[in-house]
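These notes concern the structure reproduced below.
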Amino acid sequence: MVTDRRTGKAGRDGEPNADCVYASVYHNRALLAIADGCNWGQRSARASHDALEGVSSYLQSHEADMTTLQDTGHLLLRAVCEANKKEYAAGTELWEVGTTTLLCGAVVEVVKDEETDEREWVWICASVGDCKAMLWNAASGRITDVTMDNRCADMRDPGGRLGPYGGSD
């Protein structure tokens, strides 16, 4: 058990949960994101929440602009930038801002063959850190880690993060 210094309330190690998810489904696409706060506590929880708030508001306001895979990829990268900006928007001291990893992406319907109007679904994503994305092949039943090797050998280093980092987190 740990005690929150500000409230004096007791809680379990790891509280509050510092992981957040976002999903928004449209006619021919779905926008998805996950943020995993680095370490435990209020700062990490706030960092992951703020990151997803930045991603979701940006992607929702630009959803209609996702007309090509290139546009979609560009908008996902911009959403990551907006998430990072949102981390600092609270006006807190720099080193009081928490850190989080983030993966955001879109499942998009694309035309595979214009003559037959055959369509397929494509996953495109942007990632900072070690959040995982898996691909399930329904035909073979096989699962593939599409974010393979995004984890560093040092388990304390998520391979990147949003928010301030000075090397001794």
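Order determines the names: the first chain of the structure tokens is A, the second B, and so forth; residues in each chain are numbered 1 upward, and ligands are numbered 1 upward as they are shown.
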- Item | Test item: residues at most 10 Å from A:Asp19, only C-alpha atoms, excluding those fewer than 6 positions along its chain, as a PyMOL selection string | chain A and resi 34-38+40+44-49+52+100-102
- Item | Separation of atom CA of A:Gly54 from atom CA of A:Leu69 in Å | 21.3 Å
- Of A:Thr67, A:Ser61, A:Ser127, A:Thr116, the one sitting nearest A:Thr147 when using only C-alpha atoms is A:Ser127
- Pick out each residue of stretch 33-109 of chain A that DSSP on the backbone tags as alpha helix (DSSP H); I need them as an NGL selection string. :A and (42-62 or 69-88)
Filtering to C-alpha atoms, could you give me those residues as a short mmCIF file (atom, residue, chain, number, x, y, z; two decimals), in the first residue's frame?
```
data_model
loop_
_atom_site.label_atom_id
_atom_site.label_comp_id
_atom_site.auth_asym_id
_atom_site.auth_seq_id
_atom_site.Cartn_x
_atom_site.Cartn_y
_atom_site.Cartn_z
CA GLN A 42 -0.67 10.71 -10.91
CA ARG A 43 1.92 12.18 -13.30
CA SER A 44 1.93 9.09 -15.51
CA ALA A 45 -1.86 8.84 -15.45
CA ARG A 46 -2.21 12.52 -16.36
CA ALA A 47 0.41 12.15 -19.13
CA SER A 48 -1.38 9.24 -20.81
CA HIS A 49 -4.78 10.95 -20.46
CA ASP A 50 -3.46 14.23 -21.89
CA ALA A 51 -1.73 12.42 -24.76
CA LEU A 52 -4.94 10.66 -25.78
CA GLU A 53 -6.90 13.87 -25.45
CA GLY A 54 -4.44 15.53 -27.87
CA VAL A 55 -4.52 12.58 -30.30
CA SER A 56 -8.29 12.13 -30.28
CA SER A 57 -9.16 15.82 -30.73
CA TYR A 58 -6.65 16.17 -33.57
CA LEU A 59 -7.70 12.99 -35.40
CA GLN A 60 -11.41 13.72 -35.02
CA SER A 61 -10.99 17.21 -36.43
CA HIS A 62 -8.97 15.87 -39.40
CA LEU A 69 -2.62 6.44 -47.01
CA GLN A 70 0.04 9.14 -47.31
CA ASP A 71 -2.35 11.77 -45.90
CA THR A 72 -3.37 9.38 -43.13
CA GLY A 73 0.25 8.68 -42.18
CA HIS A 74 1.04 12.40 -42.12
CA LEU A 75 -2.01 13.12 -39.94
CA LEU A 76 -1.05 10.34 -37.52
CA LEU A 77 2.41 11.88 -37.12
CA ARG A 78 0.83 15.29 -36.55
CA ALA A 79 -1.44 13.69 -33.94
CA VAL A 80 1.65 12.44 -32.07
CA CYS A 81 3.00 16.00 -32.10
CA GLU A 82 -0.32 17.30 -30.76
CA ALA A 83 -0.23 14.68 -28.02
CA ASN A 84 3.23 15.83 -26.98
CA LYS A 85 2.13 19.50 -27.00
CA LYS A 86 -0.87 18.58 -24.84
CA GLU A 87 1.54 17.11 -22.25
CA TYR A 88 2.96 20.58 -21.61
#
```
- Contacts of A:Ser24 within 12 Å, only C-alpha atoms, excl. fewer than 2 positions in-chain, as an MDAnalysis selection string: chainID A and resid 21:22 26:33 55:57 59:61 63 104:107
Okay, now the selection with N, CA, C and O atoms, as a compact mmCIF listing (two decimals), in the first residue's frame?
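The result, written out as part_34.txt:
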```txt
# COMPACT_ATOMS: atom_id res chain seq x y z
N VAL A 21 -6.99 4.25 -23.48
CA VAL A 21 -7.25 3.84 -24.86
C VAL A 21 -8.29 4.77 -25.48
O VAL A 21 -9.09 5.39 -24.79
N TYR A 22 -8.26 4.84 -26.81
CA TYR A 22 -9.20 5.66 -27.57
C TYR A 22 -9.58 4.89 -28.83
O TYR A 22 -8.74 4.26 -29.46
N TYR A 26 -15.78 5.11 -37.91
CA TYR A 26 -16.48 5.83 -38.97
C TYR A 26 -16.90 4.81 -40.03
O TYR A 26 -16.62 3.62 -39.90
N HIS A 27 -17.52 5.27 -41.11
CA HIS A 27 -18.02 4.39 -42.15
C HIS A 27 -16.93 3.50 -42.74
O HIS A 27 -17.10 2.30 -42.87
N ASN A 28 -15.80 4.09 -43.13
CA ASN A 28 -14.75 3.31 -43.80
C ASN A 28 -13.39 3.41 -43.11
O ASN A 28 -12.36 3.22 -43.74
N ARG A 29 -13.41 3.69 -41.82
CA ARG A 29 -12.15 3.73 -41.07
C ARG A 29 -12.44 3.70 -39.58
O ARG A 29 -13.54 4.02 -39.14
N ALA A 30 -11.43 3.30 -38.86
CA ALA A 30 -11.48 3.36 -37.39
C ALA A 30 -10.18 3.99 -36.92
O ALA A 30 -9.10 3.68 -37.44
N LEU A 31 -10.27 4.91 -35.99
CA LEU A 31 -9.11 5.57 -35.42
C LEU A 31 -8.89 5.00 -34.02
O LEU A 31 -9.84 4.92 -33.23
N LEU A 32 -7.67 4.60 -33.73
CA LEU A 32 -7.36 3.92 -32.48
C LEU A 32 -6.08 4.47 -31.88
O LEU A 32 -5.18 4.88 -32.60
N ALA A 33 -6.00 4.47 -30.55
CA ALA A 33 -4.76 4.88 -29.89
C ALA A 33 -4.70 4.26 -28.50
O ALA A 33 -5.73 3.96 -27.88
N VAL A 55 -4.36 13.43 -29.11
CA VAL A 55 -4.52 12.58 -30.30
C VAL A 55 -5.96 12.56 -30.78
O VAL A 55 -6.24 12.77 -31.96
N SER A 56 -6.89 12.30 -29.87
CA SER A 56 -8.29 12.13 -30.28
C SER A 56 -8.86 13.42 -30.85
O SER A 56 -9.54 13.40 -31.87
N SER A 57 -8.59 14.56 -30.21
CA SER A 57 -9.16 15.82 -30.73
C SER A 57 -8.56 16.15 -32.09
O SER A 57 -9.27 16.60 -32.99
N LEU A 59 -7.23 13.94 -34.38
CA LEU A 59 -7.70 12.99 -35.40
C LEU A 59 -9.17 13.20 -35.73
O LEU A 59 -9.57 13.12 -36.90
N GLN A 60 -9.99 13.48 -34.74
CA GLN A 60 -11.41 13.72 -35.02
C GLN A 60 -11.62 14.96 -35.88
O GLN A 60 -12.45 14.96 -36.77
N SER A 61 -10.82 15.99 -35.64
CA SER A 61 -10.99 17.21 -36.43
C SER A 61 -10.41 17.09 -37.84
O SER A 61 -10.73 17.89 -38.71
N GLU A 63 -10.37 13.90 -39.51
CA GLU A 63 -10.82 12.59 -40.02
C GLU A 63 -11.18 12.67 -41.50
O GLU A 63 -10.82 11.81 -42.29
N CYS A 104 -0.72 5.33 -32.08
CA CYS A 104 -2.01 5.72 -32.67
C CYS A 104 -2.04 5.22 -34.10
O CYS A 104 -1.00 5.12 -34.76
N GLY A 105 -3.21 4.87 -34.56
CA GLY A 105 -3.31 4.34 -35.91
C GLY A 105 -4.72 4.40 -36.45
O GLY A 105 -5.66 4.82 -35.78
N ALA A 106 -4.82 3.96 -37.69
CA ALA A 106 -6.10 3.94 -38.37
C ALA A 106 -6.24 2.64 -39.16
O ALA A 106 -5.27 2.20 -39.80
N VAL A 107 -7.39 2.04 -39.07
CA VAL A 107 -7.75 0.93 -39.94
C VAL A 107 -8.59 1.58 -41.04
O VAL A 107 -9.63 2.17 -40.77
```
- Item | Atomic distance atom CA of A:Asp117 - atom CA of A:Met134, expressed in Å with one decimal |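 Separating atom CA of A:Asp117 from atom CA of A:Met134 is a distance of 27.5 Å.
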